[in-house]
There are 2 protein chains.
Amino acid sequence: MSIANIPFTVQGRRYGPPARPVAVLCLDGCGDEYLDAAMARGLMPQLQAFGRTGYRGMARSALPSFTNVNNSSIVTGVPPSVHGICGNFFFDVARGQEVMMNSAEYLRSGTILAAAARAGRRVAVITAKEKLRDIFAHQLVGPPPGGAHGIAFSSERAGSARVATHGVDGVEALVGAPTPAIYSGEASLFVLRAGAKLLEGGMADFMYLSTTDYMQHRYPPEAPEILDFYRECDHWIGRLVAAGAVVGVTADHGMNAKQQPDGSPNVLYLESMLASLFEFDIRVILPITDPYVVHHGSLGSFAVLHLPPGEAVEPVARCLLQQTGITEVYDRHTAARKLELPLDRLGDLVVLAGRDVVLGRTPAQHDLSVLEGGLRSHGGRYEEMVPFLLSEPLRPEYLRRAHGDPRNFDLFDFTLNGTER
Amino acid sequence: MSIANIPFTVQGRRYGPPARPVAVLCLDGCGDEYLDAAMARGLMPQLQAFGRTGYRGMARSALPSFTNVNNSSIVTGVPPSVHGICGNFFFDVARGQEVMMNSAEYLRSGTILAAAARAGRRVAVITAKEKLRDIFAHQLVGPPPGGAHGIAFSSERAGSARVATHGVDGVEALVGAPTPAIYSGEASLFVLRAGAKLLEGGMADFMYLSTTDYMQHRYPPEAPEILDFYRECDHWIGRLVAAGAVVGVTADHGMNAKQQPDGSPNVLYLESMLASLFEFDIRVILPITDPYVVHHGSLGSFAVLHLPPGEAVEPVARCLLQQTGITEVYDRHTAARKLELPLDRLGDLVVLAGRDVVLGRTPAQHDLSVLEGGLRSHGGRYEEMVPFLLSEPLRPEYLRRAHGDPRNFDLFDFTLNGTER
């Protein structure tokens, strides 16, 4: 079946898709160290070949280095300041309440996926976590004018996918596997496997595949369990290549151990600390918080602080920056500018923590007993750099850009516009 | 010949060397991408084996991410706030002049090398650039009580090494090669080759080998020239392993292209910019500046600013942080604390630039025509993370530390104390 290669535009950027299948992958929490460890053992021959015959380098993700922030950036091609998703939730000052942002309602940009579907591509988006499906499916699934006959489902709810709502059914039969448990490596492998099956079956020719980082939160790069996981990932990436796809691979964020030398979590409890230093209440928002607490216990390396109206932010900022483990502190306007965040969804201060440090509220608000095998997490500057790989050689202009400061949310641009073919 | 394994202490840290040879390598400017590119092509089998049978991960270097700062840290095991070397030069406010810091006169710590020599090890330090030799040779070469009968020479001046001053002579004959040109890959390969020859000849059993980054300044990771270079490096690393050494490898800093999309250098000229905004003169110190201008044209991603006495720093800091390309701005005390710098060798403000941005003074003060093949440079946060490899497996305690926030200047600790043997 012929494949449409009609250009389309999203957020001012023109995308000229090739007349062959395209698969863009976001490997959740895939710090470059994971690829190094697996490749050193010869477990990822397919992806390693990208480095020889295509491109392997590093890209800068969007901050905070969280999953939905970066997935939203990748599918829109723009930073959070434009698309509006800056965490799993934010504190809505006007309404005086914490608001979940895992919904297309908060997305301020159309997606490359929906635009590709409108340009005639057979689009499929598959995510491990159901929480991301709504954003990915935005204007993609359902009847026109909103929907565009794309496919969007999660491995977490694979068994519930129906044509009317997901653009597909019979996913378990297609993939040849049951709906996986969300706290498993299989939750991610199911995504890649489903992508390969859709591609091989001619059901899609333009795909976005987004895994989950349960394995990376749990295991360091050398652990046998995660080496097995990456070997399996590589197999399915190879299947995408074999089916003729141009493949682009990146991550939403890296992953670091956030532990004391004795293996216990290395947490700075900001509300507790600030309560002992200031007479007014400071609300600490941890935008990593989501229903998947086993991953990280709501502990990441990024926090947003709200002060009572009228209190000066400067003394609090100065005090925070004195603390060992806190690496950056910005007032609202500076954070919006330097970290590319939406001003109206920020608090008064933004705080980032170091490579081995996470930020919490109070000890009582975090159940560390749910953590399996120590704390590994992300959210800060030290999880900002991520792998950036293409299956095909880059054109000279894009190779120059790749050597500069490419962003992980440039991956559709690189995959569609930047490869030689 | 038996090898001494008497413990020694430097800056409060105890080092217990194994009774076998030790080689610690600092591969100048070796961003992890260089290893990835060479390994993907199968050109570094020896170092790739470290990832399987020893350890490969990432470590955080000292800021500014410059050569002498980090080499000084590695050989002392402490950050610049302790050892005092925070750039190639600084502005001495009391004397009103810019002072070169490439001399042991400015080093405030003893070195691990000298301590190992005093503990009976046969120590050799080899550097590509002569500028570093004085710091490395501190208390190591020359008659007691200062000197300890070690060997210290540079490939740049290999032909000038004499027993009385360098602990060795006949270096060219030993290595089997003439003194290399400093602007060459051979300047670095000569270091590794000399190390292997000293080890194989029983002339040293405790070595620090420090290369130069001419090749990395000039070539991106995929360039055939630098792939050849790394293939050669790997050969000599293999020779060290084959001679029985425990080998540790890190870098002083990473390396990024600092170019506009058209390939021209991406420079923020701070003195020019500030002159148009403030009525007083602001002195910009670029501590990357050294005699080896072909590498980088004195352009890096780190600058120190001096204001006239009595002028407020806050408005200047605020103005700088507004600029696209500037990522961090700290006043003197905050910089000392957060970047671990010596307070008395800082200016009023410290400025860091982004992944593809360098900081200059005025256009007239930088001769961009000397740059060969575009500008690649370092000095900022985006060149902070460096490879960290060991030839032997890490003990559990050290593996936990490696997963946390190891520093490149912990490498002697990891190599001497942290490996299983």
# chains A, B, ... in the order shown; residues from 1 in each chain; ligands from 1

$ calpha_fit_and_write --fixed "chain A" --moving "chain B" --output "compact mmCIF listing (two decimals) with C-alpha atoms, in the first residue's frame"
# COMPACT_ATOMS: atom_id res chain seq x y z
CA MET B 1 0.06 -0.05 -0.07
CA SER B 2 1.41 3.39 -0.92
CA ILE B 3 2.36 5.70 1.92
CA ALA B 4 1.39 9.37 1.87
CA ASN B 5 4.25 11.87 1.99
CA ILE B 6 2.31 15.10 2.14
CA PRO B 7 4.07 17.77 4.22
CA PHE B 8 2.30 19.28 7.21
CA THR B 9 3.01 22.04 9.70
CA VAL B 10 2.81 22.06 13.49
CA GLN B 11 3.74 25.11 15.57
CA GLY B 12 5.38 26.76 12.60
CA ARG B 13 7.64 23.84 11.79
CA ARG B 14 7.17 22.02 8.50
CA TYR B 15 7.41 18.25 8.52
CA GLY B 16 8.01 16.40 5.27
CA PRO B 17 7.49 12.70 6.00
CA PRO B 18 9.16 10.12 3.76
CA ALA B 19 7.04 7.76 1.70
CA ARG B 20 8.00 4.92 3.99
CA PRO B 21 7.07 3.96 7.55
CA VAL B 22 8.26 6.09 10.44
CA ALA B 23 8.63 5.04 14.07
CA VAL B 24 9.63 7.49 16.79
CA LEU B 25 10.39 5.93 20.16
CA CYS B 26 10.59 7.49 23.60
CA LEU B 27 12.31 5.02 25.91
CA ASP B 28 11.21 6.26 29.32
CA GLY B 29 14.03 6.90 31.80
CA CYS B 30 16.66 5.63 29.39
CA GLY B 31 19.76 7.40 30.62
CA ASP B 32 22.61 6.84 28.18
CA GLU B 33 24.34 4.59 30.73
CA TYR B 34 21.69 1.93 30.14
CA LEU B 35 22.55 1.76 26.45
CA ASP B 36 26.28 1.72 27.23
CA ALA B 37 25.93 -1.18 29.63
CA ALA B 38 23.77 -3.24 27.27
CA MET B 39 25.92 -2.47 24.22
CA ALA B 40 29.17 -3.32 26.03
CA ARG B 41 27.70 -6.80 26.44
CA GLY B 42 26.64 -7.03 22.82
CA LEU B 43 22.94 -7.08 23.76
CA MET B 44 21.78 -4.24 21.50
CA PRO B 45 23.22 -4.92 18.05
CA GLN B 46 20.35 -3.16 16.27
CA LEU B 47 20.58 0.09 18.18
CA GLN B 48 24.38 -0.06 18.19
CA ALA B 49 24.23 -0.17 14.38
CA PHE B 50 22.39 3.17 14.45
CA GLY B 51 25.64 4.67 15.78
CA ARG B 52 27.53 3.40 12.75
CA THR B 53 25.09 3.75 9.90
CA GLY B 54 22.77 6.41 11.28
CA TYR B 55 23.45 8.66 14.26
CA ARG B 56 23.98 8.32 17.99
CA GLY B 57 24.47 11.36 20.20
CA MET B 58 22.92 13.19 23.11
CA ALA B 59 20.05 15.66 23.26
CA ARG B 60 18.74 17.97 25.91
CA SER B 61 15.28 17.18 27.24
CA ALA B 62 12.75 19.64 28.61
CA LEU B 63 12.78 20.53 32.29
CA PRO B 64 11.48 19.35 34.62
CA SER B 65 12.90 16.07 33.38
CA PHE B 66 9.60 14.23 33.85
CA THR B 67 7.67 11.85 31.65
CA ASN B 68 4.55 13.71 30.64
CA VAL B 69 6.41 17.01 30.21
CA ASN B 70 8.79 15.44 27.73
CA ASN B 71 6.31 13.20 25.96
CA SER B 72 4.13 16.26 25.43
CA SER B 73 7.16 18.10 24.04
CA ILE B 74 8.14 15.28 21.71
CA VAL B 75 4.67 14.91 20.17
CA THR B 76 4.25 18.68 19.74
CA GLY B 77 7.85 19.63 18.90
CA VAL B 78 7.84 22.53 21.34
CA PRO B 79 8.92 23.22 24.95
CA PRO B 80 6.52 23.28 27.92
CA SER B 81 6.27 27.07 27.75
CA VAL B 82 4.31 26.52 24.52
CA HIS B 83 2.45 23.26 25.08
CA GLY B 84 1.61 23.99 28.71
CA ILE B 85 2.25 20.60 30.35
CA CYS B 86 4.87 21.19 33.03
CA GLY B 87 4.38 18.26 35.37
CA ASN B 88 1.83 15.69 36.43
CA PHE B 89 0.00 18.40 38.30
CA PHE B 90 0.21 22.01 39.38
CA PHE B 91 -1.36 24.22 42.03
CA ASP B 92 -4.05 26.38 40.51
CA VAL B 93 -3.80 29.54 42.61
CA ALA B 94 -7.09 30.97 41.32
CA ARG B 95 -9.01 27.81 42.25
CA GLY B 96 -6.90 27.17 45.34
CA GLN B 97 -6.39 23.53 44.50
CA GLU B 98 -3.93 21.05 43.06
CA VAL B 99 -4.89 20.08 39.52
CA MET B 100 -3.87 16.96 37.59
CA MET B 101 -2.43 17.81 34.15
CA ASN B 102 -2.63 14.34 32.59
CA SER B 103 -5.27 15.39 30.12
CA ALA B 104 -5.42 16.97 26.69
CA GLU B 105 -7.55 19.68 28.32
CA TYR B 106 -4.28 21.23 29.49
CA LEU B 107 -2.41 20.80 26.20
CA ARG B 108 -2.03 24.11 24.37
CA SER B 109 -0.68 22.74 21.11
CA GLY B 110 -1.80 20.40 18.39
CA THR B 111 0.31 17.29 17.97
CA ILE B 112 2.51 16.08 15.16
CA LEU B 113 0.55 12.82 15.36
CA ALA B 114 -2.82 14.40 14.63
CA ALA B 115 -1.33 16.58 11.88
CA ALA B 116 0.27 13.54 10.24
CA ALA B 117 -3.07 11.73 10.37
CA ARG B 118 -4.79 14.69 8.74
CA ALA B 119 -2.09 14.58 6.05
CA GLY B 120 -3.09 11.04 5.25
CA ARG B 121 -0.70 9.00 7.35
CA ARG B 122 -1.92 5.91 9.17
CA VAL B 123 -0.95 7.00 12.65
CA ALA B 124 -0.64 4.87 15.76
CA VAL B 125 0.48 5.92 19.22
CA ILE B 126 1.11 3.35 21.89
CA THR B 127 2.01 4.17 25.45
CA ALA B 128 2.69 1.98 28.44
CA LYS B 129 0.88 4.17 30.97
CA GLU B 130 -2.77 4.91 30.40
CA LYS B 131 -2.20 8.36 31.93
CA LEU B 132 -0.49 9.57 28.75
CA ARG B 133 -2.99 8.23 26.26
CA ASP B 134 -5.37 11.16 26.51
CA ILE B 135 -2.68 13.65 25.54
CA PHE B 136 -1.41 11.47 22.73
CA ALA B 137 -4.88 10.76 21.36
CA HIS B 138 -5.71 14.49 21.21
CA GLN B 139 -7.47 15.15 17.88
CA LEU B 140 -6.22 11.78 16.66
CA VAL B 141 -8.89 9.27 17.56
CA GLY B 142 -12.62 9.55 17.10
CA PRO B 143 -14.89 10.99 14.43
CA PRO B 144 -14.03 14.18 12.49
CA PRO B 145 -13.65 17.08 12.89
CA GLY B 146 -11.80 16.29 16.12
CA GLY B 147 -10.60 12.78 15.43
CA ALA B 148 -8.62 11.65 12.44
CA HIS B 149 -8.98 7.86 12.45
CA GLY B 150 -5.70 7.19 14.22
CA ILE B 151 -4.92 4.44 16.71
CA ALA B 152 -4.09 5.20 20.34
CA PHE B 153 -3.92 2.75 23.21
CA SER B 154 -1.88 1.90 26.29
CA SER B 155 -0.42 -1.44 27.21
CA GLU B 156 -1.81 -0.85 30.71
CA ARG B 157 -5.35 -1.04 29.24
CA ALA B 158 -4.61 -2.97 26.05
CA GLY B 159 -7.55 -5.27 26.63
CA SER B 160 -9.97 -2.33 26.73
CA ALA B 161 -9.06 -0.85 23.34
CA ARG B 162 -12.08 -0.50 21.03
CA VAL B 163 -12.35 0.83 17.51
CA ALA B 164 -14.65 3.70 18.41
CA THR B 165 -12.49 5.01 21.23
CA HIS B 166 -8.98 3.71 20.42
CA GLY B 167 -9.07 3.19 16.67
CA VAL B 168 -8.36 -0.52 17.11
CA ASP B 169 -9.50 -3.58 18.96
CA GLY B 170 -8.26 -7.09 19.48
CA VAL B 171 -4.91 -5.73 20.64
CA GLU B 172 -4.02 -8.72 22.80
CA ALA B 173 -4.59 -11.08 19.89
CA LEU B 174 -2.64 -8.84 17.54
CA VAL B 175 0.30 -8.66 19.91
CA GLY B 176 0.01 -12.26 20.97
CA ALA B 177 0.26 -11.42 24.65
CA PRO B 178 -2.10 -10.52 27.47
CA THR B 179 -2.37 -7.02 28.90
CA PRO B 180 0.78 -6.72 31.03
CA ALA B 181 1.06 -5.59 34.62
CA ILE B 182 2.02 -1.90 34.77
CA TYR B 183 4.80 -2.61 37.28
CA SER B 184 6.79 -4.78 34.87
CA GLY B 185 9.26 -4.61 32.04
CA GLU B 186 6.60 -6.27 29.89
CA ALA B 187 4.49 -3.10 30.12
CA SER B 188 7.14 -1.42 27.96
CA LEU B 189 8.02 -4.38 25.76
CA PHE B 190 4.32 -4.74 24.92
CA VAL B 191 4.45 -1.20 23.45
CA LEU B 192 7.35 -2.02 21.13
CA ARG B 193 5.95 -5.41 20.20
CA ALA B 194 2.54 -3.89 19.39
CA GLY B 195 4.26 -1.23 17.27
CA ALA B 196 6.11 -3.86 15.27
CA LYS B 197 2.94 -5.89 14.78
CA LEU B 198 0.92 -2.86 13.59
CA LEU B 199 3.71 -1.96 11.17
CA GLU B 200 4.18 -5.49 9.88
CA GLY B 201 0.43 -5.84 9.46
CA GLY B 202 0.17 -2.63 7.46
CA MET B 203 -2.11 -1.11 10.08
CA ALA B 204 0.08 1.94 10.66
CA ASP B 205 2.90 3.76 8.87
CA PHE B 206 3.56 6.61 11.31
CA MET B 207 4.06 5.62 14.93
CA TYR B 208 4.97 7.03 18.30
CA LEU B 209 5.91 4.40 20.86
CA SER B 210 6.38 5.50 24.45
CA THR B 211 7.48 3.08 27.16
CA THR B 212 7.49 3.35 30.96
CA ASP B 213 10.41 3.57 33.36
CA TYR B 214 9.48 1.05 36.03
CA MET B 215 12.58 -0.99 35.19
CA GLN B 216 14.91 2.04 35.20
CA HIS B 217 13.51 3.27 38.54
CA ARG B 218 14.22 -0.15 39.93
CA TYR B 219 17.51 -1.29 38.39
CA PRO B 220 20.91 0.26 37.73
CA PRO B 221 22.40 -0.22 34.23
CA GLU B 222 24.41 -3.35 35.05
CA ALA B 223 21.55 -5.36 36.62
CA PRO B 224 20.86 -8.62 34.76
CA GLU B 225 17.13 -7.88 34.78
CA ILE B 226 17.48 -4.62 32.88
CA LEU B 227 20.11 -5.99 30.54
CA ASP B 228 17.53 -8.63 29.57
CA PHE B 229 14.98 -5.87 29.15
CA TYR B 230 17.18 -3.89 26.78
CA ARG B 231 18.06 -7.02 24.79
CA GLU B 232 14.33 -7.49 24.22
CA CYS B 233 13.85 -3.81 23.34
CA ASP B 234 16.60 -4.14 20.77
CA HIS B 235 14.92 -7.12 19.17
CA TRP B 236 11.72 -5.17 18.59
CA ILE B 237 13.58 -2.10 17.36
CA GLY B 238 15.22 -4.42 14.85
CA ARG B 239 11.79 -5.61 13.75
CA LEU B 240 10.76 -1.99 13.09
CA VAL B 241 13.88 -1.46 10.98
CA ALA B 242 13.35 -4.73 9.15
CA ALA B 243 9.80 -3.65 8.31
CA GLY B 244 11.28 -0.68 6.49
CA ALA B 245 10.78 2.07 9.05
CA VAL B 246 12.94 5.13 9.56
CA VAL B 247 13.42 4.91 13.32
CA GLY B 248 14.24 7.71 15.78
CA VAL B 249 14.91 6.95 19.45
CA THR B 250 15.22 9.24 22.42
CA ALA B 251 14.25 9.35 26.10
CA ASP B 252 12.10 11.65 28.17
CA HIS B 253 14.71 11.90 30.92
CA GLY B 254 17.71 10.15 32.42
CA MET B 255 17.77 8.29 35.73
CA ASN B 256 20.08 8.50 38.74
CA ALA B 257 20.33 6.74 42.08
CA LYS B 258 19.14 9.12 44.77
CA GLN B 259 20.57 7.36 47.75
CA GLN B 260 22.76 7.82 50.78
CA PRO B 261 25.91 5.70 50.94
CA ASP B 262 23.94 3.22 53.11
CA GLY B 263 21.36 2.77 50.35
CA SER B 264 18.55 4.76 51.98
CA PRO B 265 16.79 7.49 49.97
CA ASN B 266 18.59 10.84 49.94
CA VAL B 267 15.69 13.20 50.52
CA LEU B 268 15.59 16.89 51.34
CA TYR B 269 12.20 17.46 52.98
CA LEU B 270 11.50 21.02 51.91
CA GLU B 271 8.32 21.72 53.87
CA SER B 272 9.91 20.45 57.08
CA MET B 273 13.08 22.41 56.50
CA LEU B 274 11.31 25.64 55.59
CA ALA B 275 8.83 25.33 58.48
CA SER B 276 11.76 25.51 60.88
CA LEU B 277 13.12 28.65 59.21
CA PHE B 278 10.10 30.74 58.24
CA GLU B 279 7.02 31.75 60.19
CA PHE B 280 4.64 31.42 57.25
CA ASP B 281 3.49 28.25 55.49
CA ILE B 282 5.17 27.37 52.24
CA ARG B 283 3.35 24.94 49.99
CA VAL B 284 5.64 22.51 48.21
CA ILE B 285 4.36 21.00 44.96
CA LEU B 286 6.18 17.92 43.67
CA PRO B 287 5.05 17.63 40.05
CA ILE B 288 6.44 14.09 39.72
CA THR B 289 3.58 12.87 41.92
CA ASP B 290 1.30 10.45 40.09
CA PRO B 291 -0.60 7.24 40.81
CA TYR B 292 2.44 5.07 40.03
CA VAL B 293 4.08 5.53 43.44
CA VAL B 294 6.06 2.31 43.36
CA HIS B 295 8.32 3.95 40.80
CA HIS B 296 9.54 6.83 42.91
CA GLY B 297 7.42 7.46 46.02
CA SER B 298 6.59 10.93 44.61
CA LEU B 299 10.22 11.90 45.07
CA GLY B 300 12.02 13.69 42.24
CA SER B 301 14.66 16.38 41.84
CA PHE B 302 12.29 19.24 41.05
CA ALA B 303 9.85 21.19 43.21
CA VAL B 304 7.63 24.24 42.92
CA LEU B 305 7.01 26.42 45.97
CA HIS B 306 4.05 28.66 46.71
CA LEU B 307 4.38 31.37 49.35
CA PRO B 308 1.47 33.16 51.01
CA PRO B 309 0.49 36.31 49.10
CA GLY B 310 2.71 39.25 50.02
CA GLU B 311 5.65 37.27 51.40
CA ALA B 312 9.00 38.06 49.81
CA VAL B 313 10.50 35.23 47.77
CA GLU B 314 14.10 36.46 47.91
CA PRO B 315 14.91 35.37 51.50
CA VAL B 316 13.44 31.93 50.84
CA ALA B 317 15.37 31.60 47.59
CA ARG B 318 18.61 32.63 49.27
CA CYS B 319 18.08 30.19 52.10
CA LEU B 320 17.31 27.31 49.74
CA LEU B 321 20.39 27.92 47.62
CA GLN B 322 22.56 27.60 50.74
CA GLN B 323 21.46 23.99 51.19
CA THR B 324 23.79 21.26 50.11
CA GLY B 325 21.99 19.19 47.48
CA ILE B 326 19.98 22.06 46.05
CA THR B 327 21.59 23.11 42.78
CA GLU B 328 19.32 25.78 41.30
CA VAL B 329 16.62 28.10 42.64
CA TYR B 330 14.65 30.46 40.40
CA ASP B 331 11.88 32.93 40.94
CA ARG B 332 8.80 32.47 38.82
CA HIS B 333 9.73 34.73 35.92
CA THR B 334 13.31 33.53 35.72
CA ALA B 335 12.15 29.91 35.83
CA ALA B 336 9.68 30.55 33.01
CA ARG B 337 12.42 32.06 30.88
CA LYS B 338 15.43 29.86 31.68
CA LEU B 339 13.57 26.56 32.02
CA GLU B 340 10.99 27.24 29.25
CA LEU B 341 8.00 26.77 31.55
CA PRO B 342 4.45 28.17 31.32
CA LEU B 343 4.34 31.18 33.63
CA ASP B 344 0.71 30.72 34.59
CA ARG B 345 1.26 27.18 35.87
CA LEU B 346 4.26 27.97 38.05
CA GLY B 347 4.56 28.86 41.69
CA ASP B 348 6.73 31.51 43.29
CA LEU B 349 9.96 29.52 43.31
CA VAL B 350 11.33 26.58 41.36
CA VAL B 351 13.94 24.35 42.99
CA LEU B 352 16.22 21.76 41.39
CA ALA B 353 18.28 19.17 43.25
CA GLY B 354 21.59 17.43 42.58
CA ARG B 355 22.47 14.19 40.89
CA ASP B 356 21.89 12.03 43.98
CA VAL B 357 19.25 14.14 45.75
CA VAL B 358 15.45 14.24 45.66
CA LEU B 359 13.06 16.77 47.11
CA GLY B 360 10.18 15.82 49.42
CA ARG B 361 7.53 17.62 51.47
CA THR B 362 7.62 16.12 54.98
CA PRO B 363 8.69 12.63 56.04
CA ALA B 364 5.05 11.80 56.84
CA GLN B 365 3.95 12.54 53.29
CA HIS B 366 6.17 9.98 51.58
CA ASP B 367 5.81 6.26 52.10
CA LEU B 368 9.32 5.05 51.40
CA SER B 369 8.29 1.45 52.09
CA VAL B 370 6.67 1.23 48.64
CA LEU B 371 10.03 1.69 46.92
CA GLU B 372 11.35 -1.55 45.51
CA GLY B 373 15.12 -1.90 45.60
CA GLY B 374 16.22 1.59 46.54
CA LEU B 375 15.38 4.97 45.07
CA ARG B 376 16.32 5.91 41.54
CA SER B 377 14.61 9.00 40.20
CA HIS B 378 14.78 12.11 37.99
CA GLY B 379 13.33 15.56 37.45
CA GLY B 380 16.40 17.80 37.69
CA ARG B 381 19.30 19.02 35.60
CA TYR B 382 21.27 15.79 36.01
CA GLU B 383 18.59 13.83 34.20
CA GLU B 384 18.30 16.41 31.43
CA MET B 385 20.64 14.83 28.86
CA VAL B 386 19.22 11.86 26.97
CA PRO B 387 20.23 9.59 24.08
CA PHE B 388 19.28 10.68 20.58
CA LEU B 389 19.52 8.07 17.83
CA LEU B 390 18.49 7.74 14.21
CA SER B 391 18.48 4.64 12.04
CA GLU B 392 19.51 6.61 8.93
CA PRO B 393 22.41 9.00 8.29
CA LEU B 394 21.71 12.67 8.93
CA ARG B 395 21.88 15.27 6.20
CA PRO B 396 24.81 17.69 6.73
CA GLU B 397 22.63 20.50 8.08
CA TYR B 398 21.05 18.17 10.62
CA LEU B 399 24.38 16.63 11.57
CA ARG B 400 25.60 20.15 12.40
CA ARG B 401 22.49 20.70 14.49
CA ALA B 402 22.96 17.35 16.20
CA HIS B 403 26.44 18.49 17.25
CA GLY B 404 25.05 21.71 18.68
CA ASP B 405 22.17 21.71 21.13
CA PRO B 406 19.48 19.40 19.74
CA ARG B 407 16.44 18.80 21.93
CA ASN B 408 14.72 15.49 22.42
CA PHE B 409 11.57 17.19 21.15
CA ASP B 410 13.31 17.81 17.82
CA LEU B 411 13.18 14.07 17.17
CA PHE B 412 10.22 14.11 14.77
CA ASP B 413 11.96 16.94 12.89
CA PHE B 414 15.19 14.92 12.66
CA THR B 415 13.40 11.71 11.73
CA LEU B 416 11.08 13.22 9.12
CA ASN B 417 13.19 16.07 7.74
CA GLY B 418 16.77 15.32 8.69
CA THR B 419 17.57 11.85 7.46
CA GLU B 420 19.11 11.03 4.10
CA ARG B 421 16.94 8.79 2.00

$ select_by_dssp --residues "range 234-275 of chain B" --states "helix (DSSP H, G or I)" --output "list of chain:residue names"
B:Asp234, B:His235, B:Trp236, B:Ile237, B:Gly238, B:Arg239, B:Leu240, B:Val241, B:Ala242, B:Leu270, B:Glu271, B:Ser272, B:Met273, B:Leu274, B:Ala275

$ select_by_dssp --residues "range 14-109 of chain A" --states "strand (DSSP E)" --output "ChimeraX atom specification"
/A:14-15,22-26,55-60,89-92,97-100
